[in-house]
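Heads up, start-v4.txt below (compact mmCIF, C-alpha atoms):
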# COMPACT_ATOMS: atom_id res chain seq x y z
CA MET E 162 7.32 41.89 46.84
CA ILE E 163 4.56 43.43 48.91
CA SER E 164 1.03 42.37 48.07
CA LEU E 165 -1.86 44.75 48.47
CA LEU E 166 -5.43 44.22 49.63
CA LEU E 167 -7.97 47.03 49.70
CA ALA E 168 -11.18 46.53 51.63
CA CYS E 169 -14.21 48.55 50.62
CA SER E 170 -12.12 51.39 49.24
CA ALA E 171 -14.32 54.25 48.11
CA ARG E 172 -12.22 55.03 45.06
CA ILE E 173 -9.11 53.69 43.42
CA ALA E 174 -6.96 55.17 40.68
CA LEU E 175 -4.34 53.32 38.67
CA VAL E 176 -1.73 55.19 36.73
CA ASP E 177 -0.52 53.83 33.39
CA PRO E 178 3.26 53.75 32.98
CA PRO E 179 4.51 55.27 29.70
CA ASP E 180 3.55 53.22 26.65
CA SER E 181 1.03 51.10 28.53
CA ARG E 182 -0.02 49.54 25.25
CA SER E 183 3.22 47.55 25.01
CA SER E 184 3.19 43.76 25.27
CA ARG E 185 4.42 43.93 28.85
CA LEU E 186 1.90 46.56 29.90
CA PRO E 187 -1.26 45.90 27.89
CA ALA E 188 -4.24 48.21 27.86
CA PRO E 189 -7.22 47.27 30.07
CA ASP E 190 -9.90 45.00 28.67
CA GLY E 191 -12.75 46.95 30.28
CA ASP E 192 -15.41 45.39 28.07
CA LEU E 193 -15.62 42.37 30.37
CA ALA E 194 -18.40 42.77 32.90
CA VAL E 195 -17.38 39.70 34.93
CA ARG E 196 -13.98 38.06 35.01
CA PRO E 197 -13.92 34.51 33.59
CA ALA E 198 -13.77 31.89 36.32
CA ARG E 199 -10.71 30.25 34.78
CA ARG E 200 -8.65 33.03 36.34
CA LEU E 201 -9.05 31.28 39.69
CA THR E 202 -6.91 28.19 39.30
CA LEU E 203 -6.87 26.90 42.84
CA LEU E 204 -10.54 25.98 43.11
CA ARG E 205 -11.30 22.31 42.70
CA GLY E 206 -12.77 21.50 39.32
CA GLY E 207 -12.53 25.09 38.02
CA GLY E 208 -15.41 26.56 36.00
CA ALA E 209 -18.16 28.87 37.21
CA ASP E 210 -18.88 26.57 40.15
CA GLY E 211 -15.52 27.59 41.59
CA TRP E 212 -16.75 31.06 42.44
CA GLU E 213 -19.91 29.66 44.01
CA GLN E 214 -17.70 27.68 46.38
CA ILE E 215 -16.37 30.89 47.90
CA GLY E 216 -19.55 32.95 47.58
CA ALA E 217 -17.90 35.75 45.62
CA ARG E 218 -17.05 36.58 42.03
CA PRO E 219 -14.61 38.86 40.22
CA VAL E 220 -16.07 41.97 38.63
CA SER E 221 -14.56 44.61 36.39
CA ILE E 222 -14.08 48.27 37.34
CA ASP E 223 -13.23 51.16 35.02
CA GLU E 224 -9.84 51.73 36.66
CA GLU E 225 -8.71 48.13 36.23
CA ARG E 226 -5.57 47.32 34.27
CA VAL E 227 -4.14 43.99 33.13
CA PHE E 228 -0.54 43.06 33.84
CA ALA E 229 0.94 39.71 32.80
CA GLY E 230 -2.56 38.54 31.92
CA ARG E 231 -4.01 39.24 35.36
CA ALA E 232 -6.41 41.93 36.53
CA PHE E 233 -4.86 44.67 38.65
CA PRO E 234 -6.50 44.99 40.97
CA MET E 235 -8.74 41.93 40.97
CA THR E 236 -12.07 43.14 42.33
CA LEU E 237 -14.26 40.72 44.29
CA SER E 238 -17.90 41.19 45.27
CA PRO E 239 -20.19 38.81 47.17
CA LEU E 240 -22.59 36.70 45.13
CA LEU E 241 -25.34 37.49 47.64
CA SER E 242 -24.94 40.76 49.51
CA GLY E 243 -26.03 40.99 53.12
CA ARG E 244 -25.62 37.28 53.83
CA THR E 245 -22.25 37.54 55.62
CA THR E 246 -19.76 40.13 56.81
CA LEU E 247 -16.34 40.50 55.22
CA THR E 248 -14.74 39.25 58.43
CA GLU E 249 -16.78 36.02 58.36
CA TRP E 250 -16.25 35.50 54.64
CA ALA E 251 -12.49 36.13 54.73
CA ALA E 252 -11.96 33.85 57.73
CA GLU E 253 -13.73 31.00 55.93
CA HIS E 254 -11.88 31.54 52.63
CA ARG E 255 -8.56 32.76 53.99
CA GLU E 256 -6.26 30.65 51.82
CA THR E 257 -8.15 31.47 48.63
CA LEU E 258 -8.11 35.21 49.35
CA LEU E 259 -4.41 35.32 50.20
CA GLN E 260 -3.50 33.33 47.10
CA LEU E 261 -5.50 35.71 44.91
CA VAL E 262 -3.61 38.63 46.47
CA ARG E 263 -0.28 36.93 45.76
CA GLU E 264 -1.24 36.04 42.18
CA ASN E 265 -2.72 39.42 41.19
CA GLY E 266 -0.67 41.75 43.35
CA ALA E 267 -3.77 43.59 44.57
CA VAL E 268 -7.35 42.62 45.44
CA LEU E 269 -10.15 45.14 45.93
CA LEU E 270 -13.13 43.96 48.02
CA ARG E 271 -16.44 45.70 47.43
CA GLY E 272 -20.00 45.08 48.56
CA PHE E 273 -19.18 43.13 51.72
CA GLY E 274 -20.71 44.20 55.03
CA GLY E 275 -19.16 44.86 58.41
CA MET E 276 -16.61 47.50 57.34
CA GLU E 277 -18.37 50.54 58.75
CA THR E 278 -15.82 51.21 61.52
CA PRO E 279 -12.07 50.81 62.09
CA GLN E 280 -12.87 48.08 64.61
CA GLY E 281 -14.71 46.11 61.95
CA PHE E 282 -11.69 46.46 59.67
CA SER E 283 -9.43 45.33 62.51
CA ASP E 284 -11.58 42.25 63.08
CA PHE E 285 -11.30 41.39 59.39
CA VAL E 286 -7.51 41.75 59.31
CA MET E 287 -6.96 39.89 62.57
CA GLY E 288 -9.20 37.08 61.33
CA LEU E 289 -6.71 36.35 58.55
CA ARG E 290 -4.20 35.21 61.21
CA LEU E 291 -1.19 36.97 59.72
CA GLU E 292 1.88 37.95 61.70
CA GLU E 293 1.45 41.43 63.14
CA PHE E 294 3.81 44.14 61.91
CA GLY E 295 4.78 47.05 64.12
CA MET E 296 5.02 50.71 63.10
CA GLY E 297 8.29 51.34 64.94
CA CYS E 298 10.28 52.34 61.84
CA SER E 299 7.53 54.17 59.98
CA ALA E 300 8.75 57.47 58.54
CA ALA E 301 5.28 59.04 58.71
CA PRO E 302 3.33 59.96 61.86
CA ARG E 303 0.43 57.56 62.29
CA THR E 304 -2.29 57.16 64.89
CA GLU E 305 -3.64 53.78 65.96
CA VAL E 306 -7.44 53.86 65.63
CA ALA E 307 -8.13 50.16 66.34
CA PRO E 308 -5.96 47.12 67.12
CA GLY E 309 -3.44 46.87 64.26
CA VAL E 310 -5.13 49.69 62.28
CA PHE E 311 -3.37 53.03 61.82
CA THR E 312 -4.03 56.20 59.88
CA ALA E 313 -2.28 55.85 56.52
CA ASN E 314 -1.05 59.42 56.32
CA GLU E 315 -1.81 62.56 58.28
CA ALA E 316 -0.67 65.09 55.69
CA PRO E 317 -3.18 67.76 54.62
CA PRO E 318 -5.72 66.36 52.12
CA GLN E 319 -4.56 68.69 49.35
CA GLU E 320 -1.07 67.15 49.44
CA LYS E 321 -0.29 64.49 46.85
CA ILE E 322 1.70 61.43 47.89
CA PRO E 323 4.05 60.07 45.19
CA PHE E 324 4.42 56.38 44.47
CA HIS E 325 6.65 54.65 46.99
CA HIS E 326 7.43 51.28 48.53
CA GLU E 327 5.91 51.09 51.99
CA MET E 328 8.57 51.24 54.71
CA ALA E 329 11.37 50.84 52.17
CA GLN E 330 13.75 52.32 54.74
CA CYS E 331 13.05 49.52 57.22
CA GLU E 332 15.19 46.42 57.56
CA ASP E 333 12.04 44.31 57.90
CA LYS E 334 9.21 45.13 55.51
CA PRO E 335 5.52 44.11 55.58
CA ALA E 336 4.44 41.25 53.33
CA PHE E 337 0.87 42.55 52.96
CA LEU E 338 -0.71 46.00 53.03
CA PHE E 339 -4.38 46.58 53.83
CA PHE E 340 -6.23 49.81 53.05
CA TYR E 341 -9.69 50.79 54.23
CA CYS E 342 -11.73 53.92 53.48
CA GLU E 343 -13.88 55.05 56.41
CA PHE E 344 -14.91 58.46 55.02
CA PRO E 345 -14.93 58.82 51.20
CA ALA E 346 -13.61 62.11 49.87
CA GLN E 347 -16.37 64.59 49.01
CA THR E 348 -14.48 65.58 45.86
CA GLY E 349 -11.56 63.89 44.16
CA GLY E 350 -9.69 61.47 46.34
CA ALA E 351 -8.04 58.27 45.11
CA THR E 352 -5.57 55.59 46.07
CA PRO E 353 -3.15 55.25 43.14
CA ILE E 354 -1.39 51.89 42.93
CA ILE E 355 0.95 50.33 40.39
CA PRO E 356 2.86 47.00 40.30
CA SER E 357 6.54 47.73 40.86
CA ASN E 358 7.70 44.77 38.79
CA ALA E 359 5.87 46.16 35.74
CA VAL E 360 7.51 49.55 36.26
CA ALA E 361 10.94 47.91 36.55
CA THR E 362 10.35 45.91 33.37
CA HIS E 363 9.31 49.02 31.48
CA LEU E 364 12.33 50.99 32.67
CA ARG E 365 14.70 48.22 31.64
CA GLU E 366 13.17 48.13 28.17
CA ALA E 367 12.92 51.90 27.71
CA CYS E 368 16.12 52.92 29.49
CA GLY E 369 18.26 49.78 29.37
CA HIS E 370 21.37 51.73 28.44
CA ALA E 371 21.10 53.76 31.63
CA PHE E 372 20.67 50.66 33.79
CA SER E 373 23.70 48.98 32.21
CA ALA E 374 25.87 51.85 33.40
CA VAL E 375 24.79 51.41 37.02
CA ARG E 376 27.19 49.46 39.21
CA PRO E 377 25.75 46.13 40.51
CA ALA E 378 26.26 47.15 44.12
CA THR E 379 24.95 50.52 45.24
CA SER E 380 24.42 52.15 48.59
CA ARG E 381 22.59 55.14 49.91
CA PRO E 382 23.07 57.17 53.09
CA CYS E 383 20.42 56.90 55.79
CA ARG E 384 19.62 59.70 58.17
CA PRO E 385 19.61 58.77 61.85
CA GLY E 386 16.15 58.18 63.24
CA PRO E 387 14.74 59.69 66.46
CA SER E 388 16.49 56.98 68.49
CA GLY E 389 19.84 57.76 66.88
CA ARG E 390 19.88 54.62 64.75
CA GLY E 391 20.31 54.84 60.99
Structure encoded using structure tokens:
Amino acid sequence: MISLLLACSARIALVDPPDSRSSRLPAPDGDLAVRPARRLTLLRGGGADGWEQIGARPVSIDEERVFAGRAFPMTLSPLLSGRTTLTEWAAEHRETLLQLVRENGAVLLRGFGGMETPQGFSDFVMGLRLEEFGMGCSAAPRTEVAPGVFTANEAPPQEKIPFHHEMAQCEDKPAFLFFYCEFPAQTGGATPIIPSNAVATHLREACGHAFSAVRPATSRPCRPGPSGRG
């Protein structure tokens, strides 16, 4: 499963699957201003002091949802703004940040400095010391704007992009996705995200009879790519 991390995104939109009030897809608990510290289980000793150890705390946003008892996305903001850049903070708390991404499926970082340019975003990503992933099999045209940072999509802004698994057509798929907003949309604009496992669970419950009729092994044709390979 791909985990998602959004740095300083200007706006985020989450779409509720049908019947989001079910036990598997509960409604958001937006009345919480700050997430309880017990959600972070890896910090020594737990409690409110745990967040002080990493200099950040979880906050609630209107678009937040809760899946399997966890905020989606978890939103983190610095305890003291202006004291450190996101690159410095993430490098120091790398393991904590990556574990939060794995546990929640998506983490939104807001209020950290140093993300004004693609190069600053590149420095942040490179500082996490993850294995680089090439764009060789990407189905969409993308332009590299800084080391390891590419345009997400170059379609006209009025075009809507449906939900999809990133690089699902590729034999090797990325383990993490990072999104960064350099220029917020003047009107509208959003990055819709949804946990695929929650969608799959809902479909099995709502349309189980259809899934039972599907053969265990399926295949799909692949069009040859520019190099002639499928």
**Two-atom distance - atom CA of Leu338 of chain E, atom CA of Val268 of chain E (Å)** =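 Distance reported for this atom pair: 10.6 Å.
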**Request:** Tell me, in Å to one decimal, how far atom CA of Thr257 of chain E is from atom CA of Phe285 of chain E.
**Result:**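 Between atom CA of Thr257 of chain E and atom CA of Phe285 of chain E the gap is 15.0 Å.
Between atom CA of Met235 of chain E and atom CA of Leu261 of chain E there is a distance of 8.0 Å.
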**Asked** Within 8 Å of segment 325-335 of chain E, counting all atoms listed in the file, which residues qualify if same-chain residues fewer than 5 places away don't, as a ChimeraX atom specification?
**Response** /E:163,294,298-300
Closest pair table for segment 253-366 of chain E residues within 12 Å of segment 242-245 of chain E, only C-alpha atoms, as a tab-separated table:
residue	atom	partner	partner_atom	distance
E:Glu253	CA	E:Thr245	CA	10.7
E:Arg271	CA	E:Ser242	CA	10.0
E:Gly272	CA	E:Ser242	CA	6.6
E:Phe273	CA	E:Ser242	CA	6.6
E:Gly274	CA	E:Gly243	CA	6.5
E:Gly275	CA	E:Thr245	CA	8.4
E:Met276	CA	E:Thr245	CA	11.6
